[in-house]
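Since the structure comes first, as structure tokens, the remarks are kept for the end.
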Amino acid sequence: MNITQESAADTLTLRLQGELDASSAVGLDDVLSADEVTRFRRVLIDCTNLDYISSAGLGVFISNLQRFQEAGTSLVFFGMQEKVYNVFEILGLDALMTIVDTQDAARAQPLPNA
Amino acid sequence: MPEPTRSIRVRCERANLAPIRRFVETWFDELALAPRLAGQLLVAVDEVCANVIVHGNHENPNQWLTLRLRRAPACVIFELLDRGVPFEPPPFSPPDVARYIRERRKGGLGLTLVHLIMDRVEFLHEADDANLCRLTKNVSLD
């Protein structure tokens with residue numbers, strides 16, 4: 001799992017490449033749990049090259065979402081492959097998290113109220 | 001009972017989850033499973049392997065797990081054998097995922113995924129003191 005970070009103004013984009021399983025989820029959790037992350041108004045997760053996700057990967061997002069919401073930081077996923085989206089769907093997470101098709105659509109999502 | 005088709009034996013280390021997935025994917029390709037189904041089954045198998053490695057055997061590389069893949073006319077069967085701490089699963093109930101988010105929980109949804117994906121989930125104890133987790137999915141194979 002490679003994680004590339006790009007920040008511009010109020011937006012942090014994390015580009016995930018590879019597989020997010022019980023072995024690799026720890027690295028992403030370290031990044032997403034950092035205090036600095038919630039200084040951004042929005043965090044975009046680029047899933048274009050994310051080839052796999054298990055419950056350990058989902059757990060990274062599940063365990064951080066409430067903290068993001070309380071900090072007024074939006075968390076938006078984009079570019080998700082069908083097989084990855086399907087895992088969110090099975091658990092009903094597609095209804096609880098913001099998942100859009102493209103990076104442009106992710107940037108167009110309204111920011112949470114400050 | 002269907003005949004054993006193949007098996008993989010690895011040490012109980014998280015880094016072995018990816019090689020297990022490659023092994024299982026190769027089998028799915030040979031069975032020509034639909035991609036959506038193959039993706040779901042891969043998650044279910046990965047989840048039980050992760051549980052055995054992390055919880056059942058505490059990532060002890062001196063412990064081993066064996067995964068057997070079997071096919072039958074109307075189903076595929078995954079059997080996971082290990083000699084770690086026996087797992088006594090609670091009764092399955094659909095999860096309140098919103099509560100997981102409120103409680104900021106990192107884990108606890110793996111076995112839920114397994115139950116939602118598979119048609120039958122069994123945790124058994126073999127006569128030789130091994131733990132056996134058997135996952136069955138009904139599927140038509142040509």
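Just so we're on the same page: first chain in the structure tokens is A, next is B, and so on; residues restart at 1 for each chain, and ligands are numbered from 1 in the order they show up.
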
Show me, as a PyMOL selection string, the residues that have an atom within 9 Å of Asn57 (chain B) when counting only C-alpha atoms, minus same-chain residues fewer than 4 positions from it.
chain B and resi 12+51-53+61+63-64+82-85

Residue subset to file, keeping N, CA and C atoms, as a PDB file, in the first residue's frame:
```
ATOM      1  N   CYS B  12       1.711 -17.894  10.485  1.00  0.00           N
ATOM      2  CA  CYS B  12       0.684 -16.956  10.954  1.00  0.00           C
ATOM      3  C   CYS B  12       1.252 -15.540  11.059  1.00  0.00           C
ATOM      4  N   ASN B  51      -8.347 -13.162  11.035  1.00  0.00           N
ATOM      5  CA  ASN B  51      -8.750 -13.464  12.413  1.00  0.00           C
ATOM      6  C   ASN B  51      -7.891 -14.566  13.014  1.00  0.00           C
ATOM      7  N   VAL B  52      -7.645 -15.598  12.242  1.00  0.00           N
ATOM      8  CA  VAL B  52      -6.837 -16.717  12.736  1.00  0.00           C
ATOM      9  C   VAL B  52      -5.406 -16.257  13.027  1.00  0.00           C
ATOM     10  N   ILE B  53      -4.852 -15.453  12.132  1.00  0.00           N
ATOM     11  CA  ILE B  53      -3.475 -14.991  12.301  1.00  0.00           C
ATOM     12  C   ILE B  53      -3.358 -14.051  13.500  1.00  0.00           C
ATOM     13  N   PRO B  61       4.865 -16.471  14.232  1.00  0.00           N
ATOM     14  CA  PRO B  61       5.326 -17.079  12.973  1.00  0.00           C
ATOM     15  C   PRO B  61       5.677 -18.561  13.107  1.00  0.00           C
ATOM     16  N   GLN B  63       3.567 -20.607  14.335  1.00  0.00           N
ATOM     17  CA  GLN B  63       2.277 -21.252  14.135  1.00  0.00           C
ATOM     18  C   GLN B  63       1.923 -21.202  12.648  1.00  0.00           C
ATOM     19  N   TRP B  64       1.159 -22.180  12.200  1.00  0.00           N
ATOM     20  CA  TRP B  64       0.846 -22.290  10.763  1.00  0.00           C
ATOM     21  C   TRP B  64      -0.661 -22.335  10.574  1.00  0.00           C
ATOM     22  N   ASP B  82      -6.090 -24.472  11.817  1.00  0.00           N
ATOM     23  CA  ASP B  82      -4.978 -23.932  12.595  1.00  0.00           C
ATOM     24  C   ASP B  82      -5.013 -24.562  13.972  1.00  0.00           C
ATOM     25  N   ARG B  83      -3.984 -24.284  14.760  1.00  0.00           N
ATOM     26  CA  ARG B  83      -3.904 -24.855  16.103  1.00  0.00           C
ATOM     27  C   ARG B  83      -3.785 -23.765  17.159  1.00  0.00           C
ATOM     28  N   GLY B  84      -4.379 -22.631  16.875  1.00  0.00           N
ATOM     29  CA  GLY B  84      -4.354 -21.518  17.825  1.00  0.00           C
ATOM     30  C   GLY B  84      -5.502 -21.602  18.817  1.00  0.00           C
ATOM     31  N   VAL B  85      -5.799 -20.466  19.401  1.00  0.00           N
ATOM     32  CA  VAL B  85      -6.885 -20.396  20.374  1.00  0.00           C
ATOM     33  C   VAL B  85      -8.210 -20.672  19.660  1.00  0.00           C
TER      34      VAL B  85
END
```

Applying 8 Å and only C-alpha atoms, which residues near region 70-80 of chain A remain after dropping the ones on its own chain fewer than 5 positions away? List them as a PDB file with C-alpha atoms, in the first residue's frame.
```pdb
ATOM      1  CA  THR A  38      -8.380  17.722  10.641  1.00  0.00           C
ATOM      2  CA  ARG A  39      -6.897  21.165  10.050  1.00  0.00           C
ATOM      3  CA  PHE A  40      -8.046  20.704   6.455  1.00  0.00           C
ATOM      4  CA  ARG A  41     -11.691  21.418   5.626  1.00  0.00           C
ATOM      5  CA  ARG A  42     -11.843  18.423   3.350  1.00  0.00           C
ATOM      6  CA  VAL A  43      -9.949  15.177   2.987  1.00  0.00           C
ATOM      7  CA  LEU A  44     -10.343  13.444  -0.360  1.00  0.00           C
ATOM      8  CA  ILE A  45      -9.486   9.755  -0.652  1.00  0.00           C
ATOM      9  CA  ASP A  46      -8.448   8.841  -4.189  1.00  0.00           C
ATOM     10  CA  CYS A  47      -9.353   5.166  -4.568  1.00  0.00           C
ATOM     11  CA  THR A  48      -8.570   4.927  -8.285  1.00  0.00           C
ATOM     12  CA  LEU A  50      -7.017   0.914  -4.533  1.00  0.00           C
ATOM     13  CA  LEU A  65     -15.227   9.557  10.645  1.00  0.00           C
ATOM     14  CA  TYR A  85     -17.357  -0.147  -3.564  1.00  0.00           C
ATOM     15  CA  MET A  97     -20.011   7.843   3.817  1.00  0.00           C
ATOM     16  CA  THR A  98     -19.670  10.217   0.880  1.00  0.00           C
ATOM     17  CA  ILE A  99     -18.546   8.321  -2.204  1.00  0.00           C
ATOM     18  CA  VAL A 100     -18.518  10.008  -5.615  1.00  0.00           C
ATOM     19  CA  ASP A 101     -17.188   9.096  -9.047  1.00  0.00           C
ATOM     20  CA  THR A 102     -14.583  11.706  -9.860  1.00  0.00           C
ATOM     21  CA  GLN A 103     -12.132  14.059  -8.240  1.00  0.00           C
ATOM     22  CA  ALA A 105     -17.265  15.682  -8.039  1.00  0.00           C
ATOM     23  CA  ALA A 106     -15.387  15.210  -4.760  1.00  0.00           C
ATOM     24  CA  LEU A 111     -18.140  21.682   3.000  1.00  0.00           C
ATOM     25  CA  PRO A 112     -19.577  20.910   6.420  1.00  0.00           C
ATOM     26  CA  ASN A 113     -20.725  23.845   8.514  1.00  0.00           C
ATOM     27  CA  ALA A 114     -17.845  25.281  10.480  1.00  0.00           C
TER      28      ALA A 114
END
```

May I have the residues of chain B within 8 Å of chain A, counting only C-alpha atoms, written as JSON, numbers by chain?
{"B": [14, 15, 17, 35, 36, 39, 40, 43, 46, 47, 50, 95, 97, 98, 100, 101, 102, 103, 104, 105, 106, 107, 109, 110, 113, 116]}

Take the residues that were just selected and, keeping N, CA and C atoms, output them as a PDB file, in the first residue's frame.
```
ATOM      1  N   ARG B  14       0.780 -11.493   9.293  1.00  0.00           N
ATOM      2  CA  ARG B  14      -0.100 -10.646   8.475  1.00  0.00           C
ATOM      3  C   ARG B  14       0.394 -10.526   7.037  1.00  0.00           C
ATOM      4  N   ALA B  15       1.710 -10.511   6.879  1.00  0.00           N
ATOM      5  CA  ALA B  15       2.267 -10.341   5.535  1.00  0.00           C
ATOM      6  C   ALA B  15       1.879 -11.489   4.605  1.00  0.00           C
ATOM      7  N   LEU B  17      -1.151 -12.577   4.230  1.00  0.00           N
ATOM      8  CA  LEU B  17      -2.525 -12.423   3.740  1.00  0.00           C
ATOM      9  C   LEU B  17      -2.548 -12.185   2.229  1.00  0.00           C
ATOM     10  N   PRO B  35     -16.714 -11.767 -11.593  1.00  0.00           N
ATOM     11  CA  PRO B  35     -15.823 -10.891 -10.821  1.00  0.00           C
ATOM     12  C   PRO B  35     -16.430 -10.393  -9.505  1.00  0.00           C
ATOM     13  N   ARG B  36     -17.712 -10.042  -9.536  1.00  0.00           N
ATOM     14  CA  ARG B  36     -18.333  -9.519  -8.307  1.00  0.00           C
ATOM     15  C   ARG B  36     -18.358 -10.578  -7.213  1.00  0.00           C
ATOM     16  N   GLY B  39     -14.800 -11.315  -5.977  1.00  0.00           N
ATOM     17  CA  GLY B  39     -14.334 -10.261  -5.081  1.00  0.00           C
ATOM     18  C   GLY B  39     -14.891 -10.414  -3.674  1.00  0.00           C
ATOM     19  N   GLN B  40     -16.163 -10.770  -3.599  1.00  0.00           N
ATOM     20  CA  GLN B  40     -16.786 -10.946  -2.280  1.00  0.00           C
ATOM     21  C   GLN B  40     -16.203 -12.154  -1.545  1.00  0.00           C
ATOM     22  N   VAL B  43     -12.836 -11.464  -0.031  1.00  0.00           N
ATOM     23  CA  VAL B  43     -12.916 -10.723   1.231  1.00  0.00           C
ATOM     24  C   VAL B  43     -13.241 -11.669   2.384  1.00  0.00           C
ATOM     25  N   ASP B  46     -10.235 -13.794   3.253  1.00  0.00           N
ATOM     26  CA  ASP B  46      -9.205 -12.937   3.846  1.00  0.00           C
ATOM     27  C   ASP B  46      -9.553 -12.599   5.295  1.00  0.00           C
ATOM     28  N   GLU B  47     -10.834 -12.352   5.559  1.00  0.00           N
ATOM     29  CA  GLU B  47     -11.251 -11.986   6.913  1.00  0.00           C
ATOM     30  C   GLU B  47     -11.015 -13.133   7.905  1.00  0.00           C
ATOM     31  N   ALA B  50      -7.282 -13.509   8.469  1.00  0.00           N
ATOM     32  CA  ALA B  50      -6.767 -12.430   9.328  1.00  0.00           C
ATOM     33  C   ALA B  50      -7.126 -12.702  10.788  1.00  0.00           C
ATOM     34  N   PRO B  95     -25.245  -5.919  11.706  1.00  0.00           N
ATOM     35  CA  PRO B  95     -24.584  -4.871  12.490  1.00  0.00           C
ATOM     36  C   PRO B  95     -25.287  -3.521  12.378  1.00  0.00           C
ATOM     37  N   VAL B  97     -24.018  -0.346  11.794  1.00  0.00           N
ATOM     38  CA  VAL B  97     -22.737   0.239  11.398  1.00  0.00           C
ATOM     39  C   VAL B  97     -22.634   1.696  11.849  1.00  0.00           C
ATOM     40  N   ALA B  98     -23.780   2.395  11.905  1.00  0.00           N
ATOM     41  CA  ALA B  98     -23.760   3.787  12.383  1.00  0.00           C
ATOM     42  C   ALA B  98     -23.239   3.845  13.824  1.00  0.00           C
ATOM     43  N   TYR B 100     -21.053   1.754  15.072  1.00  0.00           N
ATOM     44  CA  TYR B 100     -19.599   1.562  14.970  1.00  0.00           C
ATOM     45  C   TYR B 100     -18.917   2.903  14.712  1.00  0.00           C
ATOM     46  N   ILE B 101     -19.541   3.719  13.865  1.00  0.00           N
ATOM     47  CA  ILE B 101     -18.957   5.030  13.553  1.00  0.00           C
ATOM     48  C   ILE B 101     -18.980   5.916  14.796  1.00  0.00           C
ATOM     49  N   ARG B 102     -20.130   5.953  15.490  1.00  0.00           N
ATOM     50  CA  ARG B 102     -20.225   6.778  16.705  1.00  0.00           C
ATOM     51  C   ARG B 102     -19.207   6.348  17.749  1.00  0.00           C
ATOM     52  N   GLU B 103     -18.997   5.031  17.844  1.00  0.00           N
ATOM     53  CA  GLU B 103     -18.088   4.502  18.868  1.00  0.00           C
ATOM     54  C   GLU B 103     -16.639   4.447  18.395  1.00  0.00           C
ATOM     55  N   ARG B 104     -16.404   4.908  17.167  1.00  0.00           N
ATOM     56  CA  ARG B 104     -15.042   4.986  16.595  1.00  0.00           C
ATOM     57  C   ARG B 104     -14.328   3.643  16.644  1.00  0.00           C
ATOM     58  N   ARG B 105     -15.051   2.611  16.307  1.00  0.00           N
ATOM     59  CA  ARG B 105     -14.483   1.261  16.396  1.00  0.00           C
ATOM     60  C   ARG B 105     -13.654   0.934  15.168  1.00  0.00           C
ATOM     61  N   LYS B 106     -12.494   0.359  15.417  1.00  0.00           N
ATOM     62  CA  LYS B 106     -11.596  -0.027  14.317  1.00  0.00           C
ATOM     63  C   LYS B 106     -11.917  -1.409  13.799  1.00  0.00           C
ATOM     64  N   GLY B 107     -12.400  -2.265  14.695  1.00  0.00           N
ATOM     65  CA  GLY B 107     -12.586  -3.666  14.303  1.00  0.00           C
ATOM     66  C   GLY B 107     -13.979  -4.155  14.618  1.00  0.00           C
ATOM     67  N   LEU B 109     -16.017  -5.885  12.373  1.00  0.00           N
ATOM     68  CA  LEU B 109     -16.917  -6.091  11.238  1.00  0.00           C
ATOM     69  C   LEU B 109     -16.458  -7.209  10.309  1.00  0.00           C
ATOM     70  N   GLY B 110     -15.301  -7.797  10.593  1.00  0.00           N
ATOM     71  CA  GLY B 110     -14.777  -8.835   9.708  1.00  0.00           C
ATOM     72  C   GLY B 110     -15.688 -10.040   9.613  1.00  0.00           C
ATOM     73  N   LEU B 113     -18.903  -9.340   7.793  1.00  0.00           N
ATOM     74  CA  LEU B 113     -18.759  -9.444   6.332  1.00  0.00           C
ATOM     75  C   LEU B 113     -18.820 -10.903   5.887  1.00  0.00           C
ATOM     76  N   LEU B 116     -22.357 -12.106   5.930  1.00  0.00           N
ATOM     77  CA  LEU B 116     -23.188 -11.486   4.901  1.00  0.00           C
ATOM     78  C   LEU B 116     -22.847 -12.022   3.506  1.00  0.00           C
TER      79      LEU B 116
END
```

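Checking B:Ala32, B:Leu69, B:Trp27, B:Ala44 one by one against Arg9 (chain B), counting only C-alpha atoms, you find the shortest gap at B:Leu69.
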
If you run DSSP on the backbone here, which positions in region 13-89 of chain A get helix (DSSP H, G or I)? Please write them as a VMD selection string.
chain A and resid 25 to 32 35 to 39 55 to 71 82 to 89

Determine, counting only C-alpha atoms, which protein, DNA and RNA residues have an atom within 7 Å of an atom of Thr4 (chain A); residues of the same chain fewer than 5 positions away are not included. Present the result as a PyMOL selection string.
chain A and resi 14-16

Sel. of strand (DSSP E or B) residues, chain A, as a ChimeraX atom specification:
/A:2-8,11-20,42-53,74-78,98-100

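The spacing separating CA of Met118 (chain B) from CA of Lys137 (chain B) amounts to 5.2 Å.
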
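Checking B:Arg70, B:Ala18, B:Leu41, B:Glu59 one by one against Asp119 (chain B), counting only C-alpha atoms, you find the shortest gap at B:Leu41.
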
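A straight line drawn from CA of Leu32 (chain A) to CA of Gly56 (chain B) is 27.9 Å long.
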
Pairwise distance for CA of Ser93 (chain B) and CA of Leu33 (chain B), rounded to one decimal in Å
28.2 Å

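Between Val139 (chain B) and the candidates B:Leu81, B:Glu126, B:Cys75, B:Arg99, the tightest atom-to-atom separation, counting only C-alpha atoms, involves B:Cys75.
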